Amino acid sequence: MTSRNLRLRRLRRATSALSGRKRGAQPKVVALGGGMGLSASLTSLRRITGDLTAVVTVADDGGSSGRLREELGVLPPGDLRKALAALCGDDDWGQTWARVIQHRFQSKGDLHEHAVGNLLIVALWEQLGDHVQALDLVGSLLGAQGRVLPMSAVPLELQALVRGHDPARPDDVDTVRGQATVALTPGEVQSVHLVPHDPPAVPEAVAAVLDADWVVLGPGSWFSSVIPHLLVPELLDALVETKARKVLSLNLAPQPGETDGFSPQRHLEVLGRHAPKLALDVVLADDAAVPDRESLADAAKRLGAAVELAPVASPDGVPIHDPELLAAAYDRIFRMHGRIGPWR
């Protein structure tokens, strides 16, 4: 037995007692992703369950996060901060703290564009020496309606094979390094991988996936926020083996650079190539963003999933998810495809 399988077995045993307890009326939900896509899911999910955990990518190397990562050798805190802000309540306390941790300094000095929340998270990491304990403490301070965990305890580098990254050589395939660069490449991303190639997962993140009722993937930057979770071996093993049902939420539109020209079904095909053993239960898409429903249904079926179409986009025409509409869609999926009454 490999050491990875042994660790996963131990985590399964450690969570079995939790799984066997009487479930409440709310599902245990784990949401995976990063950036604004994960924030959209969390803002919606906290409206329908009080048992919510975010597992966040840690490959960001741009902006304030990239500077802190380079200077201090820490995990990039930016996506973790955004997830915490999304979990803040709608009362005055929650919204005040959400604004505070998202606030960016504007100056001519070294603090320029650093986010308050990034500095707070890194300070607590240095004080406590424990990533999870520090994030739990920030969550308590904010009154966050859920828990935020990094997917790995080591900073990761995202690398991609990109065709036409250099417009002068449109047929060449180059290795592009760094999440910020991959997200903005003018070329066609062929595949992505992480460095180191076999990063350890945070045990609490693996345990949360194994003990969940539902796991939510997406929406978000496909290659730099969604797929990286499937490249952490222990986390992928947990996603494959968990008894939780899995819903994949598709983006409302292709992302310039990273997924330019992608159809909804191509997003599924790319995900399937990166994690061929992963099966899904539901693919959620905005009905107005799916020009070929039959092709999407066929692609979803190859992953074991049914397609649920629902109006989840902002009514003003901007390609962002409406929190209330997305919450309603998740709630309907959990009820239709899950159990009625106490979970498990």
# chains A, B, ... in the order shown; residues from 1 in each chain; ligands from 1
>>> select_by_dssp(residues="stretch 102-328 of chain A", states="helix (DSSP H, G or I)", output="count of residues only")
88
>>> residues_around(residues="A:Gly94", least_positions_apart="4", cutoff="8 Å", atoms="only C-alpha atoms", output="ChimeraX atom specification")
/A:88-90,98,142-144
>>> write_last_selection(atoms="N, CA and C atoms", output="CSV table (one decimal), in the first residue's frame")
chain,number,residue,atom,x,y,z
A,88,CYS,N,-18.9,36.1,5.0
A,88,CYS,CA,-19.4,37.1,5.9
A,88,CYS,C,-20.9,37.3,5.8
A,89,GLY,N,-21.6,37.5,6.9
A,89,GLY,CA,-23.0,37.6,6.9
A,89,GLY,C,-23.5,38.9,6.2
A,90,ASP,N,-24.8,39.0,6.1
A,90,ASP,CA,-25.4,40.2,5.4
A,90,ASP,C,-25.7,41.3,6.5
A,98,ALA,N,-16.2,42.4,5.9
A,98,ALA,CA,-16.0,42.0,4.5
A,98,ALA,C,-15.3,43.2,3.8
A,142,LEU,N,-14.5,37.4,11.9
A,142,LEU,CA,-15.4,38.0,10.9
A,142,LEU,C,-16.8,37.5,11.1
A,143,GLY,N,-17.0,36.5,11.9
A,143,GLY,CA,-18.3,35.9,12.0
A,143,GLY,C,-18.7,35.1,10.7
A,144,ALA,N,-17.7,34.5,10.1
A,144,ALA,CA,-17.9,33.8,8.8
A,144,ALA,C,-18.8,32.7,9.0
>>> atom_distance(atom1="atom CA of A:Lys82", atom2="atom CA of A:Ser39")
6.4 Å
>>> select_by_dssp(residues="stretch 26-108 of chain A", states="strand (DSSP E or B)", output="MDAnalysis selection string")
chainID A and resid 29:33 52:56 104
>>> closest_residue(among="A:Leu235, A:Ala310, A:Ala180, A:Val195", to="A:Leu250", atoms="only C-alpha atoms")
A:Ala310
>>> closest_residue(among="A:Glu188, A:Asp213, A:Asp171, A:Asp237", to="A:Gln26", atoms="only C-alpha atoms")
A:Asp213
>>> residues_around(residues="stretch 131-138 of chain A", least_positions_apart="3", cutoff="10 Å", atoms="only C-alpha atoms", output="ChimeraX atom specification")
/A:74-75,77,80-81,84,117,120-128,141-144,146-150,152-153,202-205
>>> residues_around(residues="A:Gly218", least_positions_apart="6", cutoff="7 Å", atoms="only C-alpha atoms", output="mmCIF file with all heavy atoms, in the first residue's frame")
data_model
loop_
_atom_site.group_PDB
_atom_site.id
_atom_site.type_symbol
_atom_site.label_atom_id
_atom_site.label_comp_id
_atom_site.auth_asym_id
_atom_site.auth_seq_id
_atom_site.Cartn_x
_atom_site.Cartn_y
_atom_site.Cartn_z
ATOM 1 N N LEU A 32 -15.158 23.769 -3.744
ATOM 2 C CA LEU A 32 -13.763 23.831 -4.161
ATOM 3 C C LEU A 32 -13.606 24.869 -5.262
ATOM 4 O O LEU A 32 -14.444 24.959 -6.170
ATOM 5 C CB LEU A 32 -13.294 22.470 -4.694
ATOM 6 C CG LEU A 32 -12.952 21.369 -3.684
ATOM 7 C CD1 LEU A 32 -14.205 20.891 -2.972
ATOM 8 C CD2 LEU A 32 -12.274 20.192 -4.377
ATOM 9 N N GLY A 33 -12.521 25.637 -5.195
ATOM 10 C CA GLY A 33 -12.265 26.618 -6.241
ATOM 11 C C GLY A 33 -11.326 27.699 -5.769
ATOM 12 O O GLY A 33 -10.478 27.485 -4.898
ATOM 13 N N GLY A 37 -14.984 33.078 -8.733
ATOM 14 C CA GLY A 37 -15.914 31.980 -8.961
ATOM 15 C C GLY A 37 -16.305 31.298 -7.666
ATOM 16 O O GLY A 37 -17.493 31.041 -7.404
ATOM 17 N N LEU A 38 -15.313 30.997 -6.828
ATOM 18 C CA LEU A 38 -15.608 30.383 -5.531
ATOM 19 C C LEU A 38 -16.400 31.341 -4.657
ATOM 20 O O LEU A 38 -17.330 30.923 -3.947
ATOM 21 C CB LEU A 38 -14.313 29.973 -4.837
ATOM 22 C CG LEU A 38 -14.471 29.357 -3.440
ATOM 23 C CD1 LEU A 38 -15.304 28.079 -3.499
ATOM 24 C CD2 LEU A 38 -13.106 29.078 -2.816
ATOM 25 N N VAL A 226 -10.314 25.802 -10.939
ATOM 26 C CA VAL A 226 -11.138 24.600 -10.798
ATOM 27 C C VAL A 226 -10.298 23.337 -10.890
ATOM 28 O O VAL A 226 -10.277 22.499 -9.978
ATOM 29 C CB VAL A 226 -12.267 24.591 -11.850
ATOM 30 C CG1 VAL A 226 -13.080 23.305 -11.754
ATOM 31 C CG2 VAL A 226 -13.178 25.809 -11.667
ATOM 32 N N LEU A 248 -21.069 20.163 -10.536
ATOM 33 C CA LEU A 248 -20.131 21.046 -11.222
ATOM 34 C C LEU A 248 -20.911 22.208 -11.793
ATOM 35 O O LEU A 248 -21.847 22.013 -12.579
ATOM 36 C CB LEU A 248 -19.410 20.294 -12.337
ATOM 37 C CG LEU A 248 -18.454 21.128 -13.198
ATOM 38 C CD1 LEU A 248 -17.215 21.521 -12.393
ATOM 39 C CD2 LEU A 248 -18.042 20.366 -14.450
ATOM 40 N N SER A 249 -20.551 23.425 -11.387
ATOM 41 C CA SER A 249 -21.228 24.626 -11.859
ATOM 42 C C SER A 249 -20.406 25.268 -12.966
ATOM 43 O O SER A 249 -19.252 25.657 -12.747
ATOM 44 C CB SER A 249 -21.421 25.605 -10.691
ATOM 45 O OG SER A 249 -22.172 26.718 -11.088
ATOM 46 N N LEU A 250 -20.984 25.360 -14.147
ATOM 47 C CA LEU A 250 -20.258 25.896 -15.297
ATOM 48 C C LEU A 250 -20.255 27.420 -15.289
ATOM 49 O O LEU A 250 -21.144 28.066 -14.718
ATOM 50 C CB LEU A 250 -20.904 25.405 -16.598
ATOM 51 C CG LEU A 250 -20.716 23.915 -16.924
ATOM 52 C CD1 LEU A 250 -21.504 23.555 -18.180
ATOM 53 C CD2 LEU A 250 -19.246 23.573 -17.094
#
>>> residues_around(residues="A:Pro186", least_positions_apart="3", cutoff="12 Å", atoms="only C-alpha atoms", output="list in words")
Val162, Arg163, Gly164, His165, Asp166, Pro167, Ala168, Arg169, Pro170, Val176, Thr181, Val182, Ala183, Val189, Gln255, Pro256, Gly257, Glu258, Thr259, Asp260 and Gly261 of chain A
>>> closest_residue(among="A:Leu236, A:Ala300, A:Val215, A:Ala253", to="A:Ala288", atoms="only C-alpha atoms")
A:Ala253
>>> decode(residues="stretch 89-101 of chain A", atoms="all heavy atoms", output="short mmCIF file (atom, residue, chain, number, x, y, z; two decimals), in the first residue's frame")
data_model
loop_
_atom_site.label_atom_id
_atom_site.label_comp_id
_atom_site.auth_asym_id
_atom_site.auth_seq_id
_atom_site.Cartn_x
_atom_site.Cartn_y
_atom_site.Cartn_z
N GLY A 89 -21.60 37.46 6.89
CA GLY A 89 -23.04 37.61 6.87
C GLY A 89 -23.50 38.91 6.24
O GLY A 89 -22.70 39.81 5.94
N ASP A 90 -24.80 39.03 6.05
CA ASP A 90 -25.37 40.23 5.45
C ASP A 90 -25.71 41.31 6.46
O ASP A 90 -26.23 42.36 6.10
CB ASP A 90 -26.64 39.86 4.66
CG ASP A 90 -26.33 38.97 3.47
OD1 ASP A 90 -25.29 39.20 2.82
OD2 ASP A 90 -27.12 38.05 3.19
N ASP A 91 -25.42 41.06 7.76
CA ASP A 91 -25.66 42.08 8.77
C ASP A 91 -24.54 43.12 8.76
O ASP A 91 -23.57 43.01 8.01
CB ASP A 91 -25.78 41.44 10.16
CG ASP A 91 -24.55 40.61 10.53
OD1 ASP A 91 -23.60 40.52 9.72
OD2 ASP A 91 -24.51 40.06 11.65
N ASP A 92 -24.68 44.15 9.59
CA ASP A 92 -23.69 45.22 9.59
C ASP A 92 -22.30 44.71 9.95
O ASP A 92 -21.29 45.15 9.36
CB ASP A 92 -24.11 46.32 10.59
CG ASP A 92 -25.29 47.13 10.09
OD1 ASP A 92 -25.56 47.08 8.87
OD2 ASP A 92 -25.93 47.81 10.91
N TRP A 93 -22.21 43.81 10.94
CA TRP A 93 -20.91 43.27 11.35
C TRP A 93 -20.24 42.55 10.18
O TRP A 93 -19.08 42.82 9.86
CB TRP A 93 -21.10 42.32 12.54
CG TRP A 93 -19.82 41.68 13.01
CD1 TRP A 93 -19.24 40.55 12.53
CD2 TRP A 93 -18.96 42.15 14.05
NE1 TRP A 93 -18.07 40.28 13.20
CE2 TRP A 93 -17.88 41.25 14.14
CE3 TRP A 93 -19.01 43.24 14.91
CZ2 TRP A 93 -16.85 41.41 15.07
CZ3 TRP A 93 -17.99 43.40 15.84
CH2 TRP A 93 -16.92 42.50 15.92
N GLY A 94 -20.98 41.67 9.56
CA GLY A 94 -20.41 40.89 8.47
C GLY A 94 -19.99 41.75 7.30
O GLY A 94 -18.89 41.59 6.75
N GLN A 95 -20.83 42.67 6.89
CA GLN A 95 -20.52 43.49 5.72
C GLN A 95 -19.40 44.49 6.00
O GLN A 95 -18.60 44.80 5.12
CB GLN A 95 -21.78 44.20 5.23
CG GLN A 95 -22.79 43.26 4.60
CD GLN A 95 -22.16 42.41 3.50
OE1 GLN A 95 -21.74 42.94 2.46
NE2 GLN A 95 -22.08 41.10 3.71
N THR A 96 -19.34 44.99 7.26
CA THR A 96 -18.23 45.88 7.62
C THR A 96 -16.90 45.15 7.54
O THR A 96 -15.93 45.64 6.94
CB THR A 96 -18.43 46.45 9.03
OG1 THR A 96 -19.62 47.24 9.05
CG2 THR A 96 -17.24 47.31 9.44
N TRP A 97 -16.83 43.94 8.13
CA TRP A 97 -15.59 43.19 8.10
C TRP A 97 -15.24 42.71 6.69
O TRP A 97 -14.06 42.64 6.34
CB TRP A 97 -15.66 42.01 9.06
CG TRP A 97 -15.28 42.40 10.46
CD1 TRP A 97 -16.11 42.51 11.54
CD2 TRP A 97 -13.98 42.78 10.91
NE1 TRP A 97 -15.40 42.92 12.64
CE2 TRP A 97 -14.09 43.10 12.28
CE3 TRP A 97 -12.73 42.88 10.29
CZ2 TRP A 97 -13.00 43.50 13.04
CZ3 TRP A 97 -11.64 43.29 11.05
CH2 TRP A 97 -11.78 43.60 12.40
N ALA A 98 -16.24 42.40 5.89
CA ALA A 98 -15.96 42.01 4.51
C ALA A 98 -15.28 43.15 3.77
O ALA A 98 -14.31 42.95 3.03
CB ALA A 98 -17.25 41.61 3.80
N ARG A 99 -15.78 44.38 3.98
CA ARG A 99 -15.15 45.54 3.33
C ARG A 99 -13.75 45.78 3.86
O ARG A 99 -12.83 46.12 3.09
CB ARG A 99 -16.01 46.79 3.53
CG ARG A 99 -17.32 46.77 2.75
CD ARG A 99 -17.97 48.15 2.76
NE ARG A 99 -18.31 48.60 4.11
CZ ARG A 99 -19.46 48.35 4.71
NH1 ARG A 99 -20.39 47.64 4.09
NH2 ARG A 99 -19.69 48.79 5.94
N VAL A 100 -13.56 45.59 5.17
CA VAL A 100 -12.25 45.86 5.76
C VAL A 100 -11.20 44.91 5.21
O VAL A 100 -10.11 45.32 4.79
CB VAL A 100 -12.31 45.74 7.30
CG1 VAL A 100 -10.90 45.72 7.89
CG2 VAL A 100 -13.11 46.91 7.88
N ILE A 101 -11.48 43.62 5.20
CA ILE A 101 -10.43 42.68 4.76
C ILE A 101 -10.21 42.77 3.25
O ILE A 101 -9.13 42.41 2.75
CB ILE A 101 -10.72 41.23 5.18
CG1 ILE A 101 -11.97 40.68 4.50
CG2 ILE A 101 -10.84 41.12 6.69
CD1 ILE A 101 -12.13 39.18 4.69
#
